[in-house]
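Working notes, structure below.
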Amino acid sequence: MKPLRCLVTAGPTREFFDPVRFVSNPSSGRMGFAVAAAAARTGWAVTLVAGPVSLPTPEGVTRVDVTSAAEMFRAVDEAFDGADLLVMSAAVSDYRPKERADHKVKKGELSMTIEMEPTVDILKSVAARKKPGQFVVGFAAETGDVVAYAEGKMRAKNCDMMVANRVGGPTGGFMSEENTVTLLFRDGARREIGPAPKTEIAEEIVAAIRERLQG
């Protein structure tokens with residue numbers, strides 16, 4: 001049997017309004033990198049699309065580095081049809097500056113109001129064309145009503161599984177090495193994990209996916 005082809009995204013994106021200034025978020029990429037490493041140890045063929053983070057590439061993983069949401073979308077869009085599963089753990093910026101200057105805007109010239117526009121919804125866009133047999137996992141990071149929000153996101157974006165991740169608290173989040181998550185499935189099943197190191201959370205996530213795909 002051929003190894004499952006696993007596509008993972010990790011880290012933040014950066015949306016520039018001039019060559020040196022950007023909007024982003026504090027995602028460290030640790031969770032996604034841990035998932036990629038756990039999937040590779042399982043024997044799956046793993047491609048990791050990584051935003052701008054300073055983490056070593058996990059052993060046995062093919063890495064594609066990107067910066068912006070648009071670049072991440074192109075990489076995921078290109079690889080998705082050939083993947084058996086997608087784990088969309090990246091913290092993709094929801095908005096980007098509508099205009100980008102081609103030079104550094106001087107302090108005195110910088111407007112205090114910057115017009116923004118939505119970035120592409122990568123998860124929703126690729127999951128909309130999911131084929132029979134493909135398995136899509138999303139992540140929902142929220143500060144309140146995490147499970148309710150994640151359940152709605154799972155259905156709205158055609159996911160098979162959603163990792164509900166509470167951020168901003170003492171037991172996990174973007175910059176922490178630990179996490180507390182709830183795994184949600186389309187059939188209504190759920191599983192609480194943590195608080196635990198992100199490496200352990202990743203092993204549990206991969207094990208849950210493997211149960212669903214391989215029995």
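Just so we're on the same page: first chain in the structure tokens is A, next is B, and so on; residues restart at 1 for each chain, and ligands are numbered from 1 in the order they show up.
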Can you pull out every residue within 8 Å of A:Val92, counting only C-alpha atoms, but drop anything in the same chain fewer than 4 positions away, and send it as a JSON list (two decimals) with C-alpha atoms, in the first residue's frame?
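Saved file result-v7.json follows:
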[["chain", "number", "residue", "atom", "x", "y", "z"],
["A", 11, "GLY", "CA", 2.90, 29.32, 10.71],
["A", 12, "PRO", "CA", 1.64, 32.84, 9.98],
["A", 13, "THR", "CA", 1.46, 34.81, 6.79],
["A", 69, "ALA", "CA", -1.63, 34.31, 2.08]]
Item to check | Near-stretch 154-159 of chain A list (7 Å; only C-alpha atoms; drop same-chain fewer than 6 positions) as a list in words | outcome: Leu123, Lys124, Ala127, Ala128, Val136, Val137 and Gly138 of chain A
Selection above as a file: N, CA and C atoms, as a PDB file, in the first residue's frame:
ATOM      1  N   LEU A 123      -8.704  27.393   3.059  1.00  0.00           N
ATOM      2  CA  LEU A 123      -9.379  26.162   3.470  1.00  0.00           C
ATOM      3  C   LEU A 123     -10.695  25.981   2.730  1.00  0.00           C
ATOM      4  N   LYS A 124     -11.513  27.010   2.720  1.00  0.00           N
ATOM      5  CA  LYS A 124     -12.813  26.905   2.056  1.00  0.00           C
ATOM      6  C   LYS A 124     -12.669  26.692   0.559  1.00  0.00           C
ATOM      7  N   ALA A 127     -11.218  22.974  -0.058  1.00  0.00           N
ATOM      8  CA  ALA A 127     -12.121  21.927   0.428  1.00  0.00           C
ATOM      9  C   ALA A 127     -13.400  21.858  -0.393  1.00  0.00           C
ATOM     10  N   ALA A 128     -13.751  22.954  -1.065  1.00  0.00           N
ATOM     11  CA  ALA A 128     -14.952  22.966  -1.895  1.00  0.00           C
ATOM     12  C   ALA A 128     -14.840  21.972  -3.047  1.00  0.00           C
ATOM     13  N   VAL A 136     -10.056  16.375   5.030  1.00  0.00           N
ATOM     14  CA  VAL A 136      -9.616  17.749   5.275  1.00  0.00           C
ATOM     15  C   VAL A 136      -9.788  18.089   6.751  1.00  0.00           C
ATOM     16  N   VAL A 137      -8.696  18.589   7.344  1.00  0.00           N
ATOM     17  CA  VAL A 137      -8.683  18.981   8.752  1.00  0.00           C
ATOM     18  C   VAL A 137      -8.418  20.476   8.835  1.00  0.00           C
ATOM     19  N   GLY A 138      -9.278  21.180   9.538  1.00  0.00           N
ATOM     20  CA  GLY A 138      -9.080  22.603   9.762  1.00  0.00           C
ATOM     21  C   GLY A 138      -8.739  22.882  11.211  1.00  0.00           C
TER      22      GLY A 138
END
Near A:Glu204, counting only C-alpha atoms, which residues have an atom at most 9 Å away, once you skip same-chain residues fewer than 5 positions from it, shown as a PDB file with C-alpha atoms, in the first residue's frame?
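Saved the output as result_4.pdb:
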ATOM      1  CA  ILE A 193      -6.679  16.711  24.476  1.00  0.00           C
ATOM      2  CA  THR A 199       4.374  17.441  20.085  1.00  0.00           C
ATOM      3  CA  ILE A 209      -6.785  10.996  11.381  1.00  0.00           C
TER       4      ILE A 209
END
Next on the checklist: When you look at A:Asp102 with a cut-off of 12 Å (counting only C-alpha atoms), what residues show up, excluding the ones that are within fewer than 2 positions of it in the same chain? I need them as a VMD selection string.
Outcome noted: chain A and resid 16 to 21 99 to 100 104 to 105
Next on the checklist: At a cut-off of 9 Å, using only C-alpha atoms, what residues contact A:Ala45? Leave out same-chain residues fewer than 6 positions from it and give the result as a list in words.
Outcome noted: Pro3, Leu4, Arg5, Cys6, Leu7, Ala39, Gly60, Val61 and Thr62 of chain A
Go ahead and write the selection's residues with N, CA and C atoms as a PDB file, in the first residue's frame.
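Written output follows (again.pdb):
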ATOM      1  N   PRO A   3       2.085   4.999   0.777  1.00  0.00           N
ATOM      2  CA  PRO A   3       1.867   5.856   1.946  1.00  0.00           C
ATOM      3  C   PRO A   3       0.879   6.971   1.628  1.00  0.00           C
ATOM      4  N   LEU A   4       0.114   7.368   2.620  1.00  0.00           N
ATOM      5  CA  LEU A   4      -0.796   8.489   2.431  1.00  0.00           C
ATOM      6  C   LEU A   4      -0.014   9.759   2.125  1.00  0.00           C
ATOM      7  N   ARG A   5      -0.543  10.546   1.228  1.00  0.00           N
ATOM      8  CA  ARG A   5       0.082  11.813   0.857  1.00  0.00           C
ATOM      9  C   ARG A   5      -0.569  12.919   1.680  1.00  0.00           C
ATOM     10  N   CYS A   6       0.229  13.490   2.568  1.00  0.00           N
ATOM     11  CA  CYS A   6      -0.278  14.431   3.567  1.00  0.00           C
ATOM     12  C   CYS A   6       0.251  15.833   3.289  1.00  0.00           C
ATOM     13  N   LEU A   7      -0.660  16.788   3.176  1.00  0.00           N
ATOM     14  CA  LEU A   7      -0.318  18.195   2.951  1.00  0.00           C
ATOM     15  C   LEU A   7      -0.625  18.967   4.226  1.00  0.00           C
ATOM     16  N   ALA A  39       3.270  12.983  11.276  1.00  0.00           N
ATOM     17  CA  ALA A  39       2.775  12.314  10.079  1.00  0.00           C
ATOM     18  C   ALA A  39       3.900  11.593   9.349  1.00  0.00           C
ATOM     19  N   GLY A  60      12.309  13.848   6.966  1.00  0.00           N
ATOM     20  CA  GLY A  60      11.438  13.136   6.043  1.00  0.00           C
ATOM     21  C   GLY A  60      10.325  13.976   5.448  1.00  0.00           C
ATOM     22  N   VAL A  61      10.349  15.284   5.672  1.00  0.00           N
ATOM     23  CA  VAL A  61       9.287  16.180   5.210  1.00  0.00           C
ATOM     24  C   VAL A  61       9.802  17.066   4.081  1.00  0.00           C
ATOM     25  N   THR A  62       8.995  17.218   3.033  1.00  0.00           N
ATOM     26  CA  THR A  62       9.291  18.155   1.954  1.00  0.00           C
ATOM     27  C   THR A  62       8.693  19.505   2.314  1.00  0.00           C
TER      28      THR A  62
END
Next on the checklist: Measuring between only C-alpha atoms, which one of A:Glu109, A:Glu117, A:Asp84, A:Glu15 shows the shortest distance to A:Ser68?
Outcome noted: A:Glu15
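The residues of stretch 123-171 of chain A that DSSP assigns to strand (DSSP E) on this backbone come out as Phe135, Val136, Val137, Gly138, Phe139, Ala140, Ala141, Glu142, Met161, Met162, Val163, Ala164, Asn165 and Arg166 of chain A.
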Produce a file of the selected residues containing C-alpha atoms, as a PDB file, in the first residue's frame.
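Below is the file again-v9.pdb, written as the result:
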ATOM      1  CA  PHE A 135      -9.813  14.105   4.226  1.00  0.00           C
ATOM      2  CA  VAL A 136      -9.616  17.749   5.275  1.00  0.00           C
ATOM      3  CA  VAL A 137      -8.683  18.981   8.752  1.00  0.00           C
ATOM      4  CA  GLY A 138      -9.080  22.603   9.762  1.00  0.00           C
ATOM      5  CA  PHE A 139      -7.981  24.551  12.830  1.00  0.00           C
ATOM      6  CA  ALA A 140     -10.139  27.078  14.651  1.00  0.00           C
ATOM      7  CA  ALA A 141      -8.295  29.426  17.012  1.00  0.00           C
ATOM      8  CA  GLU A 142     -10.626  31.477  19.186  1.00  0.00           C
ATOM      9  CA  MET A 161     -12.381  17.223  11.245  1.00  0.00           C
ATOM     10  CA  MET A 162     -11.723  20.457  13.102  1.00  0.00           C
ATOM     11  CA  VAL A 163      -9.166  21.178  15.811  1.00  0.00           C
ATOM     12  CA  ALA A 164     -10.693  23.723  18.197  1.00  0.00           C
ATOM     13  CA  ASN A 165      -7.868  25.645  19.811  1.00  0.00           C
ATOM     14  CA  ARG A 166      -8.404  28.179  22.591  1.00  0.00           C
TER      15      ARG A 166
END
Checklist entry - With distances taken over only C-alpha atoms, which of A:Ala202, A:Ala36, A:Met31, A:Ala75 is nearest to A:Leu48? => result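 Smallest separation from A:Leu48 among the options: A:Ala36.
The shell of residues at most 9 Å from A:Ile205, with only C-alpha atoms counted and near chain neighbours (fewer than 3 positions) removed, consists of Val35, Ala38, Val163, Leu183, Glu200, Ile201, Ala202, Ala208, Ile209 and Arg210 of chain A.
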Using N, CA and C atoms, can you export the residues from the last selection as a PDB file, in the first residue's frame?
ATOM      1  N   VAL A  35       2.782  18.442  13.714  1.00  0.00           N
ATOM      2  CA  VAL A  35       1.892  17.551  12.963  1.00  0.00           C
ATOM      3  C   VAL A  35       2.627  16.938  11.776  1.00  0.00           C
ATOM      4  N   ALA A  38       4.989  14.275  13.056  1.00  0.00           N
ATOM      5  CA  ALA A  38       4.273  13.076  13.490  1.00  0.00           C
ATOM      6  C   ALA A  38       3.747  12.286  12.295  1.00  0.00           C
ATOM      7  N   VAL A 163      -9.898  21.075  14.555  1.00  0.00           N
ATOM      8  CA  VAL A 163      -9.166  21.178  15.811  1.00  0.00           C
ATOM      9  C   VAL A 163      -9.510  22.529  16.419  1.00  0.00           C
ATOM     10  N   LEU A 183     -10.869  17.935  19.479  1.00  0.00           N
ATOM     11  CA  LEU A 183     -11.022  17.409  18.123  1.00  0.00           C
ATOM     12  C   LEU A 183     -12.501  17.182  17.855  1.00  0.00           C
ATOM     13  N   GLU A 200       2.949  16.248  21.656  1.00  0.00           N
ATOM     14  CA  GLU A 200       2.001  15.199  22.040  1.00  0.00           C
ATOM     15  C   GLU A 200       0.632  15.429  21.413  1.00  0.00           C
ATOM     16  N   ILE A 201       0.208  16.681  21.367  1.00  0.00           N
ATOM     17  CA  ILE A 201      -1.054  17.014  20.705  1.00  0.00           C
ATOM     18  C   ILE A 201      -1.012  16.569  19.249  1.00  0.00           C
ATOM     19  N   ALA A 202       0.115  16.814  18.589  1.00  0.00           N
ATOM     20  CA  ALA A 202       0.265  16.436  17.179  1.00  0.00           C
ATOM     21  C   ALA A 202       0.150  14.926  16.992  1.00  0.00           C
ATOM     22  N   ALA A 208      -5.755  10.256  15.386  1.00  0.00           N
ATOM     23  CA  ALA A 208      -7.185  10.385  15.115  1.00  0.00           C
ATOM     24  C   ALA A 208      -7.465  10.353  13.619  1.00  0.00           C
ATOM     25  N   ILE A 209      -6.622  11.026  12.837  1.00  0.00           N
ATOM     26  CA  ILE A 209      -6.785  10.996  11.381  1.00  0.00           C
ATOM     27  C   ILE A 209      -6.585   9.575  10.864  1.00  0.00           C
ATOM     28  N   ARG A 210      -5.553   8.912  11.359  1.00  0.00           N
ATOM     29  CA  ARG A 210      -5.256   7.552  10.912  1.00  0.00           C
ATOM     30  C   ARG A 210      -6.427   6.602  11.205  1.00  0.00           C
TER      31      ARG A 210
END
Checklist entry - What is the atom CA of A:Ala79-atom CA of A:Lys198 distance in Å, reported with one decimal? => result 25.5 Å
Next on the checklist: For a quick check of understanding, using only C-alpha atoms, which of A:Thr182, A:Ser125, A:Arg41, A:Glu211 has the smallest distance to A:Asp145?
Outcome noted: A:Thr182
How would you write, as a CSV table (one decimal) with N, CA and C atoms, in the first residue's frame, the set of residues in stretch 33-154 of chain A that DSSP gives as alpha helix (DSSP H)?
chain,number,residue,atom,x,y,z
A,33,PHE,N,4.3,22.2,12.5
A,33,PHE,CA,5.5,21.5,12.3
A,33,PHE,C,5.5,20.2,13.0
A,34,ALA,N,4.9,20.2,14.2
A,34,ALA,CA,4.8,19.0,15.0
A,34,ALA,C,3.9,18.0,14.3
A,35,VAL,N,2.8,18.4,13.7
A,35,VAL,CA,1.9,17.6,13.0
A,35,VAL,C,2.6,16.9,11.8
A,36,ALA,N,3.4,17.8,11.1
A,36,ALA,CA,4.1,17.3,9.9
A,36,ALA,C,5.1,16.2,10.3
A,37,ALA,N,5.8,16.4,11.4
A,37,ALA,CA,6.8,15.5,12.0
A,37,ALA,C,6.1,14.2,12.4
A,38,ALA,N,5.0,14.3,13.1
A,38,ALA,CA,4.3,13.1,13.5
A,38,ALA,C,3.7,12.3,12.3
A,39,ALA,N,3.3,13.0,11.3
A,39,ALA,CA,2.8,12.3,10.1
A,39,ALA,C,3.9,11.6,9.3
A,40,ALA,N,5.1,12.2,9.3
A,40,ALA,CA,6.2,11.6,8.6
A,40,ALA,C,6.7,10.3,9.4
A,41,ARG,N,6.6,10.4,10.7
A,41,ARG,CA,7.0,9.2,11.5
A,41,ARG,C,6.0,8.1,11.3
A,42,THR,N,4.8,8.4,11.0
A,42,THR,CA,3.8,7.4,10.7
A,42,THR,C,4.0,6.7,9.4
A,69,ALA,N,-0.5,35.2,2.2
A,69,ALA,CA,-1.6,34.3,2.1
A,69,ALA,C,-1.8,33.9,0.6
A,70,ALA,N,-1.6,34.8,-0.3
A,70,ALA,CA,-1.7,34.5,-1.7
A,70,ALA,C,-0.7,33.4,-2.1
A,71,GLU,N,0.6,33.5,-1.6
A,71,GLU,CA,1.6,32.5,-1.9
A,71,GLU,C,1.2,31.2,-1.3
A,72,MET,N,0.7,31.2,-0.1
A,72,MET,CA,0.3,29.9,0.6
A,72,MET,C,-0.9,29.3,-0.2
A,73,PHE,N,-1.8,30.1,-0.7
A,73,PHE,CA,-2.9,29.6,-1.5
A,73,PHE,C,-2.4,28.9,-2.7
A,74,ARG,N,-1.5,29.5,-3.4
A,74,ARG,CA,-1.0,28.9,-4.7
A,74,ARG,C,-0.3,27.6,-4.4
A,75,ALA,N,0.5,27.5,-3.3
A,75,ALA,CA,1.2,26.3,-3.0
A,75,ALA,C,0.2,25.2,-2.6
A,76,VAL,N,-0.8,25.5,-1.8
A,76,VAL,CA,-1.8,24.5,-1.4
A,76,VAL,C,-2.7,24.1,-2.6
A,77,ASP,N,-3.1,25.1,-3.3
A,77,ASP,CA,-4.0,24.8,-4.5
A,77,ASP,C,-3.3,23.9,-5.5
A,78,GLU,N,-2.0,24.1,-5.7
A,78,GLU,CA,-1.3,23.2,-6.6
A,78,GLU,C,-1.1,21.8,-6.1
A,79,ALA,N,-0.9,21.6,-4.8
A,79,ALA,CA,-0.7,20.3,-4.2
A,79,ALA,C,-1.9,19.5,-3.8
A,80,PHE,N,-3.0,20.2,-3.6
A,80,PHE,CA,-4.2,19.6,-3.0
A,80,PHE,C,-4.7,18.4,-3.8
A,122,ILE,N,-8.3,30.0,2.1
A,122,ILE,CA,-7.6,28.9,1.5
A,122,ILE,C,-8.4,27.6,1.8
A,123,LEU,N,-8.7,27.4,3.1
A,123,LEU,CA,-9.4,26.2,3.5
A,123,LEU,C,-10.7,26.0,2.7
A,124,LYS,N,-11.5,27.0,2.7
A,124,LYS,CA,-12.8,26.9,2.1
A,124,LYS,C,-12.7,26.7,0.6
A,125,SER,N,-11.7,27.4,0.0
A,125,SER,CA,-11.5,27.3,-1.5
A,125,SER,C,-11.1,25.9,-2.0
A,126,VAL,N,-10.2,25.3,-1.3
A,126,VAL,CA,-9.7,24.0,-1.7
A,126,VAL,C,-10.6,22.9,-1.3
A,127,ALA,N,-11.2,23.0,-0.1
A,127,ALA,CA,-12.1,21.9,0.4
A,127,ALA,C,-13.4,21.9,-0.4
A,146,VAL,N,-15.2,28.5,21.8
A,146,VAL,CA,-14.3,27.9,20.8
A,146,VAL,C,-15.0,26.7,20.1
A,147,VAL,N,-15.6,25.8,20.9
A,147,VAL,CA,-16.2,24.6,20.3
A,147,VAL,C,-17.3,25.0,19.3
A,148,ALA,N,-18.2,25.9,19.8
A,148,ALA,CA,-19.3,26.3,18.9
A,148,ALA,C,-18.8,26.9,17.6
A,149,TYR,N,-17.9,27.8,17.7
A,149,TYR,CA,-17.3,28.4,16.6
A,149,TYR,C,-16.7,27.4,15.6
A,150,ALA,N,-15.9,26.4,16.2
A,150,ALA,CA,-15.3,25.4,15.4
A,150,ALA,C,-16.3,24.5,14.7
A,151,GLU,N,-17.3,24.1,15.4
A,151,GLU,CA,-18.4,23.3,14.7
A,151,GLU,C,-19.0,24.0,13.5
A,152,GLY,N,-19.3,25.3,13.7
A,152,GLY,CA,-19.8,26.0,12.5
A,152,GLY,C,-18.8,26.1,11.4
A,153,LYS,N,-17.5,26.3,11.7
A,153,LYS,CA,-16.5,26.4,10.7
A,153,LYS,C,-16.3,25.1,10.0
A,154,MET,N,-16.4,24.0,10.7
A,154,MET,CA,-16.2,22.7,10.1
A,154,MET,C,-17.2,22.4,9.0
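Of the residues under consideration (A:Lys106, A:Arg96, A:Lys130, A:Arg30), A:Lys130 shows the shortest atom-to-atom contact distance to A:Ala83 when counting only C-alpha atoms.
Take the candidates A:Glu115, A:Asp94, A:Asp160, A:Glu59 and check each one against A:Leu184 using only C-alpha atoms; the shortest distance goes to A:Asp160.
As for atom CA of A:Val46 and atom CA of A:Val8, they are spaced 7.3 Å apart.
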Checklist entry - Hey, what's within 7 Å of A:Arg14 if we count only C-alpha atoms and toss same-chain stuff fewer than 3 positions away? As a PyMOL selection string, please? => result chain A and resi 22-24+67-68
Checklist outcome for this item: From atom CA of A:Thr180 to atom CA of A:Gly32 the spacing works out at 14.5 Å
